[in-house]
>>> print(open('final05.tsv').read())   # TSV, C-alpha atoms
chain	number	residue	atom	x	y	z
T	113	MET	CA	-10.01	7.55	-2.76
T	114	ASN	CA	-9.40	9.66	0.31
T	115	SER	CA	-11.97	7.80	2.35
T	116	LEU	CA	-10.64	4.44	1.13
T	117	GLN	CA	-7.15	5.40	2.20
T	118	LYS	CA	-8.44	6.50	5.57
T	119	GLU	CA	-10.44	3.34	6.19
T	120	LEU	CA	-8.34	0.63	4.56
T	121	GLY	CA	-4.87	2.20	4.71
T	122	PRO	CA	-4.35	1.02	8.30
T	123	LYS	CA	-5.51	-2.43	7.19
T	124	GLY	CA	-2.84	-2.63	4.52
T	125	LEU	CA	-4.25	-1.05	1.36
T	126	VAL	CA	-1.87	1.31	-0.40
T	127	VAL	CA	-3.52	4.01	-2.47
T	128	VAL	CA	-1.22	5.45	-5.09
T	129	GLY	CA	-1.97	8.44	-7.27
T	130	VAL	CA	-0.03	8.38	-10.52
T	131	THR	CA	0.37	11.58	-12.44
T	132	ASN	CA	2.76	13.16	-14.88
T	133	GLU	CA	2.40	16.70	-13.66
T	134	ALA	CA	5.41	18.74	-12.53
T	135	GLU	CA	6.41	18.08	-8.94
T	136	SER	CA	5.62	21.62	-7.79
T	137	MET	CA	2.08	21.31	-9.16
T	138	VAL	CA	1.57	17.96	-7.50
T	139	VAL	CA	2.80	19.10	-4.11
T	140	LYS	CA	0.50	22.13	-4.29
T	141	ASP	CA	-2.42	19.95	-5.29
T	142	VAL	CA	-1.81	17.38	-2.57
T	143	GLU	CA	-1.80	20.16	0.02
T	144	LYS	CA	-4.81	21.93	-1.42
T	145	SER	CA	-6.98	18.84	-1.58
T	146	LYS	CA	-5.94	17.68	1.89
T	147	MET	CA	-5.35	14.14	0.71
T	148	ALA	CA	-5.21	11.68	3.57
T	149	HIS	CA	-1.68	10.82	2.55
T	150	PRO	CA	-2.25	8.67	-0.44
T	151	ILE	CA	1.08	8.09	-1.98
T	152	VAL	CA	1.61	10.14	-5.07
T	153	MET	CA	4.04	9.09	-7.71
T	154	ILE	CA	5.14	11.18	-10.61
T	155	SER	CA	5.72	9.05	-13.64
T	156	GLY	CA	6.02	9.89	-17.31
T	157	GLU	CA	3.83	9.56	-20.37
T	158	GLU	CA	5.35	6.14	-20.99
T	159	THR	CA	3.59	4.75	-17.92
T	160	ASP	CA	0.25	6.10	-19.15
T	161	ARG	CA	0.94	4.54	-22.55
T	162	VAL	CA	1.77	1.09	-21.18
T	163	TYR	CA	-1.30	1.18	-18.95
T	164	GLY	CA	-3.42	2.32	-21.90
T	165	ILE	CA	-4.83	5.31	-20.08
T	166	ASN	CA	-7.26	7.21	-22.28
T	167	GLY	CA	-9.28	9.06	-19.68
T	168	TYR	CA	-8.73	10.44	-16.20
T	169	PRO	CA	-9.15	9.28	-13.57
T	170	SER	CA	-8.44	5.62	-14.35
T	171	GLY	CA	-7.99	3.04	-11.66
T	172	PHE	CA	-6.26	-0.33	-11.27
T	173	LEU	CA	-6.33	-2.65	-8.29
T	174	ILE	CA	-3.27	-4.87	-7.93
T	175	ASP	CA	-3.15	-7.86	-5.61
T	176	PRO	CA	-0.20	-8.84	-3.41
T	177	SER	CA	1.28	-11.04	-6.14
T	178	GLY	CA	1.38	-8.07	-8.53
T	179	THR	CA	-1.59	-9.16	-10.65
T	180	ILE	CA	-4.24	-6.75	-11.92
T	181	VAL	CA	-7.52	-7.81	-10.31
T	182	TRP	CA	-9.71	-4.87	-11.31
T	183	SER	CA	-9.58	-1.87	-13.60
T	184	GLY	CA	-11.99	0.91	-14.41
T	185	HIS	CA	-13.23	4.26	-13.25
T	186	PRO	CA	-12.35	4.59	-9.55
T	187	GLY	CA	-15.93	5.60	-8.83
T	188	ASN	CA	-17.11	2.17	-9.97
T	189	LEU	CA	-14.94	0.18	-7.61
T	190	ASP	CA	-16.92	-2.18	-5.37
T	191	LYS	CA	-15.80	-0.98	-1.97
T	192	ASP	CA	-17.29	-3.91	-0.04
T	193	GLU	CA	-15.42	-6.36	-2.19
T	194	LEU	CA	-12.20	-4.42	-1.78
T	195	ARG	CA	-12.68	-4.25	1.99
T	196	ALA	CA	-13.19	-8.02	2.13
T	197	MET	CA	-10.05	-8.69	0.08
T	198	VAL	CA	-7.85	-6.37	2.14
T	199	GLU	CA	-9.16	-7.70	5.43
T	200	LYS	CA	-8.62	-11.28	4.35
T	201	LEU	CA	-4.95	-10.59	3.64
T	202	GLY	CA	-4.53	-9.07	7.10
T	203	LEU	CA	-1.79	-6.95	8.49
T	204	PRO	CA	0.62	-7.76	11.28
T	205	PRO	CA	-0.57	-6.09	14.50
T	206	ALA	CA	1.25	-2.90	15.47
T	207	LEU	CA	3.66	-3.37	18.37
T	208	PRO	CA	4.41	-0.95	21.22
T	209	ALA	CA	7.26	1.52	20.68
T	210	GLU	CA	9.73	-0.57	22.69
T	211	PHE	CA	9.53	-3.25	19.98
T	212	LYS	CA	10.12	-0.86	17.09
T	213	ASP	CA	12.80	-3.12	15.61
T	214	ILE	CA	10.40	-6.06	15.37
T	215	ASP	CA	7.71	-3.77	13.97
T	216	GLU	CA	10.06	-2.85	11.15
T	217	LEU	CA	10.86	-6.49	10.41
T	218	LEU	CA	7.14	-7.24	10.17
T	219	ALA	CA	6.44	-4.22	7.98
T	220	GLY	CA	9.35	-5.14	5.73
T	221	ASN	CA	8.04	-8.70	5.34
T	222	LYS	CA	11.17	-10.15	6.94
T	223	LEU	CA	9.03	-12.68	8.71
T	224	GLY	CA	11.66	-15.27	9.60
T	225	LYS	CA	13.76	-12.66	11.37
T	226	ALA	CA	10.60	-11.28	12.99
T	227	HIS	CA	9.76	-14.78	14.26
T	228	THR	CA	13.19	-15.14	15.88
T	229	ALA	CA	13.00	-11.67	17.43
T	230	LEU	CA	9.46	-12.24	18.70
T	231	THR	CA	10.38	-15.55	20.31
T	232	LYS	CA	13.31	-13.89	22.05
T	233	ALA	CA	11.23	-10.93	23.20
T	234	LEU	CA	8.58	-13.28	24.58
T	235	VAL	CA	11.16	-14.87	26.88
T	236	LYS	CA	11.66	-11.46	28.49
T	237	ALA	CA	8.02	-10.42	28.37
T	238	PRO	CA	6.03	-13.67	28.44
T	239	ASP	CA	2.74	-11.91	29.22
T	240	SER	CA	2.75	-9.49	26.30
T	241	GLY	CA	-0.48	-10.03	24.37
T	242	GLU	CA	0.83	-7.93	21.47
T	243	LEU	CA	3.91	-10.09	21.06
T	244	LYS	CA	1.83	-13.26	21.21
T	245	THR	CA	-0.59	-11.94	18.59
T	246	ALA	CA	2.30	-10.94	16.33
T	247	LEU	CA	3.94	-14.35	16.67
T	248	GLU	CA	0.64	-16.02	15.86
T	249	PHE	CA	0.31	-13.78	12.81
T	250	VAL	CA	3.70	-14.94	11.50
T	251	THR	CA	2.96	-18.61	12.18
T	252	LYS	CA	-0.47	-18.44	10.57
T	253	SER	CA	0.77	-16.62	7.49
T	254	LEU	CA	3.53	-19.22	7.05
T	255	GLU	CA	0.96	-22.02	7.32
T	256	ALA	CA	-1.22	-20.30	4.72
T	257	ARG	CA	1.68	-19.98	2.26
T	258	LEU	CA	2.64	-23.64	2.75
T	259	ALA	CA	-0.97	-24.67	2.14
T	260	GLU	CA	-0.94	-22.54	-1.02
T	261	ALA	CA	2.14	-24.40	-2.29
T	262	LYS	CA	0.57	-27.74	-1.45
T	263	ALA	CA	-2.59	-26.85	-3.39
T	264	HIS	CA	-0.46	-25.99	-6.43
T	265	LEU	CA	1.36	-29.29	-6.09
T	266	ASP	CA	-1.93	-31.22	-5.91
T	267	ASN	CA	-3.00	-29.54	-9.16
T	268	SER	CA	0.29	-30.46	-10.86
T	269	GLU	CA	1.17	-26.77	-10.96
T	270	PHE	CA	4.77	-27.61	-10.16
T	271	GLY	CA	6.24	-24.28	-11.28
T	272	GLU	CA	3.80	-22.38	-9.07
T	273	ALA	CA	4.55	-24.64	-6.11
T	274	LEU	CA	8.27	-24.02	-6.58
T	275	ARG	CA	7.69	-20.26	-6.80
T	276	VAL	CA	5.74	-20.18	-3.52
T	277	TRP	CA	8.18	-22.46	-1.68
T	278	THR	CA	11.15	-20.40	-2.87
T	279	GLU	CA	9.50	-17.20	-1.71
T	280	VAL	CA	8.60	-18.78	1.62
T	281	SER	CA	12.10	-20.08	2.26
T	282	LEU	CA	13.53	-16.60	1.70
T	283	ARG	CA	10.90	-14.64	3.57
T	284	TYR	CA	10.55	-16.95	6.56
T	285	GLU	CA	14.16	-18.04	6.91
T	286	GLY	CA	14.81	-19.08	10.50
T	287	ALA	CA	11.16	-19.78	11.36
T	288	PRO	CA	10.20	-23.31	12.41
T	289	GLY	CA	8.08	-25.02	9.77
T	290	ILE	CA	10.19	-23.72	6.94
T	291	GLU	CA	11.76	-27.17	6.49
T	292	ALA	CA	8.58	-28.17	4.69
T	293	ALA	CA	9.32	-25.61	1.97
T	294	LYS	CA	12.91	-26.76	1.60
T	295	ALA	CA	11.88	-30.41	1.49
T	296	GLY	CA	9.25	-29.54	-1.11
T	297	ILE	CA	11.83	-27.85	-3.32
T	298	ASP	CA	14.22	-30.82	-3.05
T	299	ALA	CA	11.47	-33.31	-3.85
T	300	LEU	CA	10.33	-31.27	-6.87
T	301	LYS	CA	13.82	-31.23	-8.31
T	302	LYS	CA	13.89	-35.04	-8.24
T	303	ASP	CA	10.35	-35.50	-9.53
T	304	LYS	CA	10.42	-36.63	-13.18
T	305	THR	CA	6.76	-35.73	-13.76
T	306	ALA	CA	7.54	-32.13	-12.76
T	307	VAL	CA	10.39	-31.58	-15.22
T	308	GLU	CA	8.31	-30.29	-18.10
T	309	ASP	CA	6.21	-27.91	-16.07
T	310	LEU	CA	9.28	-26.55	-14.28
T	311	ALA	CA	10.96	-25.89	-17.64
T	312	ALA	CA	7.80	-24.17	-18.88
T	313	ALA	CA	7.60	-22.10	-15.68
T	314	GLU	CA	11.18	-20.94	-16.16
T	315	LYS	CA	10.28	-19.69	-19.66
T	316	LEU	CA	7.03	-18.13	-18.51
T	317	LYS	CA	8.92	-16.26	-15.81
T	318	ASP	CA	11.11	-14.66	-18.49
T	319	ALA	CA	8.00	-13.74	-20.49
T	320	VAL	CA	6.34	-12.16	-17.45
T	321	GLU	CA	9.57	-10.25	-16.85
T	322	LEU	CA	9.22	-8.74	-20.34
T	323	TRP	CA	5.60	-7.88	-19.60
T	324	ARG	CA	6.50	-6.16	-16.34
T	325	LYS	CA	9.11	-4.11	-18.17
T	326	GLY	CA	6.34	-2.84	-20.43
T	327	ASP	CA	7.38	-4.81	-23.49
T	328	LEU	CA	3.86	-6.17	-23.93
T	329	ASP	CA	4.08	-7.30	-27.57
T	330	LYS	CA	7.28	-9.25	-27.03
T	331	ALA	CA	5.85	-10.79	-23.85
T	332	LEU	CA	2.72	-11.98	-25.69
T	333	LYS	CA	4.89	-13.69	-28.29
T	334	ALA	CA	6.90	-15.33	-25.51
T	335	TYR	CA	3.67	-16.50	-23.80
T	336	ALA	CA	2.56	-18.03	-27.10
T	337	THR	CA	5.86	-19.90	-27.43
T	338	VAL	CA	5.45	-21.39	-23.93
T	339	ALA	CA	1.84	-22.38	-24.72
T	340	ARG	CA	2.91	-24.06	-27.97
T	341	LYS	CA	5.96	-25.82	-26.59
T	342	TYR	CA	4.41	-27.11	-23.36
T	343	PRO	CA	0.71	-27.58	-24.18
T	344	ASP	CA	0.12	-30.36	-21.64
T	345	THR	CA	1.53	-28.59	-18.60
T	346	ALA	CA	-0.32	-26.34	-16.14
T	347	THR	CA	2.11	-23.55	-17.00
T	348	GLY	CA	1.53	-24.01	-20.73
T	349	LYS	CA	-2.21	-23.74	-20.16
T	350	ARG	CA	-1.75	-20.63	-18.07
T	351	ALA	CA	0.37	-19.12	-20.87
T	352	ALA	CA	-2.36	-19.97	-23.39
T	353	GLU	CA	-4.90	-18.18	-21.17
T	354	LEU	CA	-2.72	-15.09	-21.01
T	355	VAL	CA	-2.51	-15.09	-24.82
T	356	SER	CA	-6.21	-15.70	-25.45
T	357	ALA	CA	-7.21	-12.90	-23.06
T	358	HIS	CA	-5.65	-10.52	-25.57
T	359	GLU	CA	-7.10	-11.99	-28.72
T	360	GLU	CA	-10.01	-10.04	-30.12
A	1197	MET	CA	-10.49	16.38	-4.48
A	1198	LYS	CA	-13.91	15.20	-5.47
A	1199	SER	CA	-14.68	18.31	-7.49
A	1200	LEU	CA	-11.32	17.93	-9.11
A	1201	PHE	CA	-12.18	14.42	-10.22
A	1202	VAL	CA	-15.51	15.54	-11.60
A	1203	ALA	CA	-13.72	18.24	-13.58
A	1204	ALA	CA	-11.23	15.70	-14.81
A	1205	VAL	CA	-13.94	13.31	-15.96
A	1206	LEU	CA	-15.77	16.09	-17.79
A	1207	ALA	CA	-12.59	17.30	-19.43
A	1208	ALA	CA	-11.65	13.84	-20.59
A	1209	GLY	CA	-15.18	13.34	-21.80
A	1210	MET	CA	-14.76	9.63	-21.12
A	1211	ILE	CA	-14.53	9.03	-24.84
A	1212	PRO	CA	-12.98	5.65	-25.37
A	1213	ALA	CA	-9.94	6.72	-27.35
A	1214	ALA	CA	-8.47	4.23	-29.76
A	1215	ARG	CA	-5.14	2.90	-28.69
A	1216	ASP	CA	-2.55	0.94	-30.58
A	1217	GLY	CA	-1.03	-2.13	-29.06
A	1218	VAL	CA	-1.88	-4.44	-26.22
A	1219	GLU	CA	-4.59	-3.59	-23.72
A	1220	LEU	CA	-4.14	-4.56	-20.08
A	1221	LYS	CA	-6.74	-6.99	-18.74
A	1222	VAL	CA	-7.70	-8.35	-15.37
A	1223	GLY	CA	-5.42	-11.32	-14.71
A	1224	ASP	CA	-2.38	-9.70	-16.33
A	1225	PRO	CA	0.73	-8.95	-14.33
A	1226	ALA	CA	0.90	-5.23	-13.54
A	1227	PRO	CA	3.68	-3.65	-15.60
A	1228	ASP	CA	6.30	-2.13	-13.36
A	1229	PHE	CA	7.37	1.49	-13.56
A	1230	LYS	CA	9.62	3.92	-11.85
A	1231	GLY	CA	8.68	7.31	-10.58
A	1232	LYS	CA	9.32	9.99	-8.06
A	1233	TRP	CA	7.36	9.47	-4.89
A	1234	ILE	CA	5.91	12.29	-2.87
A	1235	ASP	CA	5.57	11.45	0.81
A	1236	TYR	CA	7.05	7.99	0.50
A	1237	SER	CA	10.59	6.78	0.90
A	1238	GLN	CA	10.64	3.01	0.40
A	1239	GLY	CA	11.95	2.32	-3.07
A	1240	SER	CA	11.16	4.02	-6.33
A	1241	ARG	CA	9.20	1.41	-8.26
A	1242	LEU	CA	5.67	0.11	-8.22
A	1243	SER	CA	7.08	-3.37	-7.56
A	1244	ASP	CA	8.46	-2.14	-4.24
A	1245	LEU	CA	4.85	-2.38	-3.03
A	1246	GLN	CA	4.48	-6.08	-3.84
A	1247	GLY	CA	2.93	-8.08	-1.01
A	1248	LYS	CA	0.21	-5.48	-0.51
A	1249	TYR	CA	-3.01	-4.54	-2.23
A	1250	VAL	CA	-2.33	-1.44	-4.29
A	1251	LEU	CA	-5.04	0.81	-5.65
A	1252	MET	CA	-3.57	2.96	-8.40
A	1253	GLU	CA	-5.31	5.98	-9.72
A	1254	PHE	CA	-4.02	7.81	-12.75
A	1255	TRP	CA	-4.99	11.47	-12.51
A	1256	ARG	CA	-4.03	14.86	-13.77
A	1257	THR	CA	-4.50	18.36	-12.49
A	1258	TRP	CA	-6.18	20.59	-15.00
>>> encode(input="final05.tsv", output="structure tokens")
Amino acid sequence: MNSLQKELGPKGLVVVGVTNEAESMVVKDVEKSKMAHPIVMISGEETDRVYGINGYPSGFLIDPSGTIVWSGHPGNLDKDELRAMVEKLGLPPALPAEFKDIDELLAGNKLGKAHTALTKALVKAPDSGELKTALEFVTKSLEARLAEAKAHLDNSEFGEALRVWTEVSLRYEGAPGIEAAKAGIDALKKDKTAVEDLAAAEKLKDAVELWRKGDLDKALKAYATVARKYPDTATGKRAAELVSAHEE
Amino acid sequence: MKSLFVAAVLAAGMIPAARDGVELKVGDPAPDFKGKWIDYSQGSRLSDLQGKYVLMEFWRTW
């Protein structure tokens, strides 16, 4: 874990140790083991229960959308695969100290504001390679998100398309190109063929909310309701998958 | 740290303990939780890390 943090931390991986030890013990242990600053979080037995931990150490890899993509003994994690995933996501390039404000916007995912600030800064420093790279990063990541929404739309995954467009229009507010997301949202709201899937997505969102709160049984029942009520929609099928993954 | 993990694995015996209720699977949303961070100041929940790859490791000191 230490070596992973060292290698992939700067590329955007966050390694979190979760324990329920007393804080004084944890601090001592972190110092003693010279951890390369993985983040340690002290959480109670309830967290272990929800995650079904029955042996230590136990690992989970979570992707940027908050989905579990791997679980098991940390020693069995495929490091090459992890490296590829993290590198594909990419991190905004670090900016020189004089652009600390923009650096913070990028790190905080406030990409629309970062775009505006970068454009302004480039007027004053038109030859800055770092600024150009950062601006390109923002533009490219916006294009990738828009393409993601479009792919959902093409697969009649209207709820998913709406989710991505909504996220994009918040995160990239002020950046050119964002009109596409707003236009997409408006068109979806008028699209009669999308009505059912959007309704299903609204219900599935509530169910996922229950799941995230740790109310797994209730969430599974809510997934099943969505699957039953909207069987012909992409969201209904997704809900059915979530249910069947937990059937023995 | 490594020796600590080895000790932890031995102590736990890696016996698959029976557990009531729902088991988390790949493809599930990660349940959120709150905790006290050491060495970190942005937020207090797992969900504050959304947008990044997060590798979580549950461990205990013995």
>>> residues_around(input="final05.tsv", residues="Phe1229 of chain A", least_positions_apart="6", cutoff="8 Å", atoms="all atoms listed in the file", output="list in words")
Ser155, Thr159 and Lys325 of chain T; Arg1241, Leu1242 and Ser1243 of chain A
>>> residues_around(input="final05.tsv", residues="Glu133 of chain T", least_positions_apart="2", cutoff="8 Å", atoms="all atoms listed in the file", output="VMD selection string")
(chain T and resid 131 135 137 to 138 154) or (chain A and resid 1256 to 1257)
>>> atom_distance(input="final05.tsv", atom1="atom CA of Ala352 of chain T", atom2="atom CA of Ala339 of chain T")
5.0 Å
>>> atom_distance(input="final05.tsv", atom1="atom CA of Asp175 of chain T", atom2="atom CA of Gly1247 of chain A")
7.6 Å
>>> interface_residues(input="final05.tsv", of="chain T", to="chain A", cutoff="8 Å", atoms="only C-alpha atoms", output="VMD selection string")
chain T and resid 124 to 133 137 to 139 141 145 to 147 149 151 to 156 159 to 160 162 to 183 186 198 320 323 to 326 328 to 329 354 357 to 358
>>> atom_distance(input="final05.tsv", atom1="atom CA of Ala312 of chain T", atom2="atom CA of Gly271 of chain T")
7.8 Å
>>> residues_around(input="final05.tsv", residues="Val276 of chain T", least_positions_apart="5", cutoff="8 Å", atoms="only C-alpha atoms", output="JSON, numbers by chain")
{"T": [257, 258, 260, 261]}
>>> closest_residue(input="final05.tsv", among="T:Ile290, T:Leu282, T:Leu217, T:Leu207", to="Ser240 of chain T", atoms="all atoms listed in the file")
T:Leu207
>>> axis_aligned_box(input="final05.tsv", around="segment 314-329 of chain T", padding_each_side="6 Å", output="JSON")
{"center_x": 7.5, "center_y": -11.9, "center_z": -21.7, "size_x": 19.3, "size_y": 30.1, "size_z": 23.8}
>>> decode(input="final05.tsv", residues="segment 167-194 of chain T", atoms="N, CA and C atoms", output="PDB file, in the first residue's frame")
ATOM      1  N   GLY T 167     -12.158 -10.199   7.847  1.00  0.00           N
ATOM      2  CA  GLY T 167     -10.743 -10.499   7.977  1.00  0.00           C
ATOM      3  C   GLY T 167      -9.960  -9.236   7.683  1.00  0.00           C
ATOM      4  N   TYR T 168      -8.793  -9.117   8.272  1.00  0.00           N
ATOM      5  CA  TYR T 168      -7.982  -7.919   8.028  1.00  0.00           C
ATOM      6  C   TYR T 168      -6.626  -8.333   7.496  1.00  0.00           C
ATOM      7  N   PRO T 169      -6.056  -7.613   6.534  1.00  0.00           N
ATOM      8  CA  PRO T 169      -6.652  -6.456   5.887  1.00  0.00           C
ATOM      9  C   PRO T 169      -7.629  -6.859   4.778  1.00  0.00           C
ATOM     10  N   SER T 170      -8.591  -6.006   4.516  1.00  0.00           N
ATOM     11  CA  SER T 170      -9.522  -6.194   3.399  1.00  0.00           C
ATOM     12  C   SER T 170      -9.510  -4.940   2.554  1.00  0.00           C
ATOM     13  N   GLY T 171      -9.489  -5.117   1.251  1.00  0.00           N
ATOM     14  CA  GLY T 171      -9.380  -3.954   0.394  1.00  0.00           C
ATOM     15  C   GLY T 171     -10.563  -3.773  -0.549  1.00  0.00           C
ATOM     16  N   PHE T 172     -10.835  -2.525  -0.910  1.00  0.00           N
ATOM     17  CA  PHE T 172     -11.845  -2.173  -1.899  1.00  0.00           C
ATOM     18  C   PHE T 172     -11.273  -1.091  -2.789  1.00  0.00           C
ATOM     19  N   LEU T 173     -11.479  -1.234  -4.093  1.00  0.00           N
ATOM     20  CA  LEU T 173     -11.102  -0.163  -5.005  1.00  0.00           C
ATOM     21  C   LEU T 173     -12.387   0.475  -5.521  1.00  0.00           C
ATOM     22  N   ILE T 174     -12.453   1.796  -5.407  1.00  0.00           N
ATOM     23  CA  ILE T 174     -13.652   2.531  -5.802  1.00  0.00           C
ATOM     24  C   ILE T 174     -13.300   3.475  -6.944  1.00  0.00           C
ATOM     25  N   ASP T 175     -14.123   3.472  -7.987  1.00  0.00           N
ATOM     26  CA  ASP T 175     -13.805   4.312  -9.143  1.00  0.00           C
ATOM     27  C   ASP T 175     -14.346   5.732  -8.938  1.00  0.00           C
ATOM     28  N   PRO T 176     -14.032   6.645  -9.864  1.00  0.00           N
ATOM     29  CA  PRO T 176     -14.414   8.043  -9.637  1.00  0.00           C
ATOM     30  C   PRO T 176     -15.931   8.273  -9.513  1.00  0.00           C
ATOM     31  N   SER T 177     -16.743   7.334 -10.006  1.00  0.00           N
ATOM     32  CA  SER T 177     -18.184   7.530  -9.870  1.00  0.00           C
ATOM     33  C   SER T 177     -18.685   6.980  -8.538  1.00  0.00           C
ATOM     34  N   GLY T 178     -17.796   6.403  -7.737  1.00  0.00           N
ATOM     35  CA  GLY T 178     -18.206   5.877  -6.431  1.00  0.00           C
ATOM     36  C   GLY T 178     -18.689   4.435  -6.500  1.00  0.00           C
ATOM     37  N   THR T 179     -18.261   3.719  -7.543  1.00  0.00           N
ATOM     38  CA  THR T 179     -18.655   2.317  -7.703  1.00  0.00           C
ATOM     39  C   THR T 179     -17.498   1.398  -7.305  1.00  0.00           C
ATOM     40  N   ILE T 180     -17.831   0.309  -6.607  1.00  0.00           N
ATOM     41  CA  ILE T 180     -16.805  -0.663  -6.240  1.00  0.00           C
ATOM     42  C   ILE T 180     -16.368  -1.407  -7.499  1.00  0.00           C
ATOM     43  N   VAL T 181     -15.084  -1.358  -7.823  1.00  0.00           N
ATOM     44  CA  VAL T 181     -14.618  -2.054  -9.028  1.00  0.00           C
ATOM     45  C   VAL T 181     -13.723  -3.247  -8.702  1.00  0.00           C
ATOM     46  N   TRP T 182     -13.355  -3.389  -7.449  1.00  0.00           N
ATOM     47  CA  TRP T 182     -12.545  -4.537  -7.045  1.00  0.00           C
ATOM     48  C   TRP T 182     -12.648  -4.673  -5.532  1.00  0.00           C
ATOM     49  N   SER T 183     -12.636  -5.923  -5.055  1.00  0.00           N
ATOM     50  CA  SER T 183     -12.500  -6.115  -3.614  1.00  0.00           C
ATOM     51  C   SER T 183     -11.744  -7.404  -3.355  1.00  0.00           C
ATOM     52  N   GLY T 184     -11.043  -7.451  -2.255  1.00  0.00           N
ATOM     53  CA  GLY T 184     -10.277  -8.640  -1.913  1.00  0.00           C
ATOM     54  C   GLY T 184      -9.141  -8.324  -0.972  1.00  0.00           C
ATOM     55  N   HIS T 185      -8.235  -9.275  -0.863  1.00  0.00           N
ATOM     56  CA  HIS T 185      -7.049  -9.035  -0.039  1.00  0.00           C
ATOM     57  C   HIS T 185      -6.134  -8.064  -0.789  1.00  0.00           C
ATOM     58  N   PRO T 186      -5.691  -7.002  -0.127  1.00  0.00           N
ATOM     59  CA  PRO T 186      -4.879  -5.990  -0.822  1.00  0.00           C
ATOM     60  C   PRO T 186      -3.680  -6.585  -1.536  1.00  0.00           C
ATOM     61  N   GLY T 187      -3.157  -7.690  -1.021  1.00  0.00           N
ATOM     62  CA  GLY T 187      -1.996  -8.310  -1.652  1.00  0.00           C
ATOM     63  C   GLY T 187      -2.313  -8.906  -3.021  1.00  0.00           C
ATOM     64  N   ASN T 188      -3.605  -9.127  -3.279  1.00  0.00           N
ATOM     65  CA  ASN T 188      -3.994  -9.733  -4.556  1.00  0.00           C
ATOM     66  C   ASN T 188      -4.383  -8.731  -5.634  1.00  0.00           C
ATOM     67  N   LEU T 189      -4.269  -7.473  -5.306  1.00  0.00           N
ATOM     68  CA  LEU T 189      -4.645  -6.433  -6.266  1.00  0.00           C
ATOM     69  C   LEU T 189      -3.689  -6.434  -7.457  1.00  0.00           C
ATOM     70  N   ASP T 190      -4.238  -6.386  -8.659  1.00  0.00           N
ATOM     71  CA  ASP T 190      -3.416  -6.337  -9.870  1.00  0.00           C
ATOM     72  C   ASP T 190      -2.904  -4.904 -10.065  1.00  0.00           C
ATOM     73  N   LYS T 191      -1.644  -4.723  -9.732  1.00  0.00           N
ATOM     74  CA  LYS T 191      -1.106  -3.360  -9.717  1.00  0.00           C
ATOM     75  C   LYS T 191      -1.007  -2.750 -11.116  1.00  0.00           C
ATOM     76  N   ASP T 192      -0.748  -3.587 -12.120  1.00  0.00           N
ATOM     77  CA  ASP T 192      -0.645  -3.058 -13.489  1.00  0.00           C
ATOM     78  C   ASP T 192      -1.990  -2.527 -13.959  1.00  0.00           C
ATOM     79  N   GLU T 193      -3.025  -3.289 -13.596  1.00  0.00           N
ATOM     80  CA  GLU T 193      -4.364  -2.879 -14.000  1.00  0.00           C
ATOM     81  C   GLU T 193      -4.744  -1.567 -13.313  1.00  0.00           C
ATOM     82  N   LEU T 194      -4.421  -1.500 -12.032  1.00  0.00           N
ATOM     83  CA  LEU T 194      -4.712  -0.289 -11.265  1.00  0.00           C
ATOM     84  C   LEU T 194      -3.972   0.912 -11.852  1.00  0.00           C
TER      85      LEU T 194
END
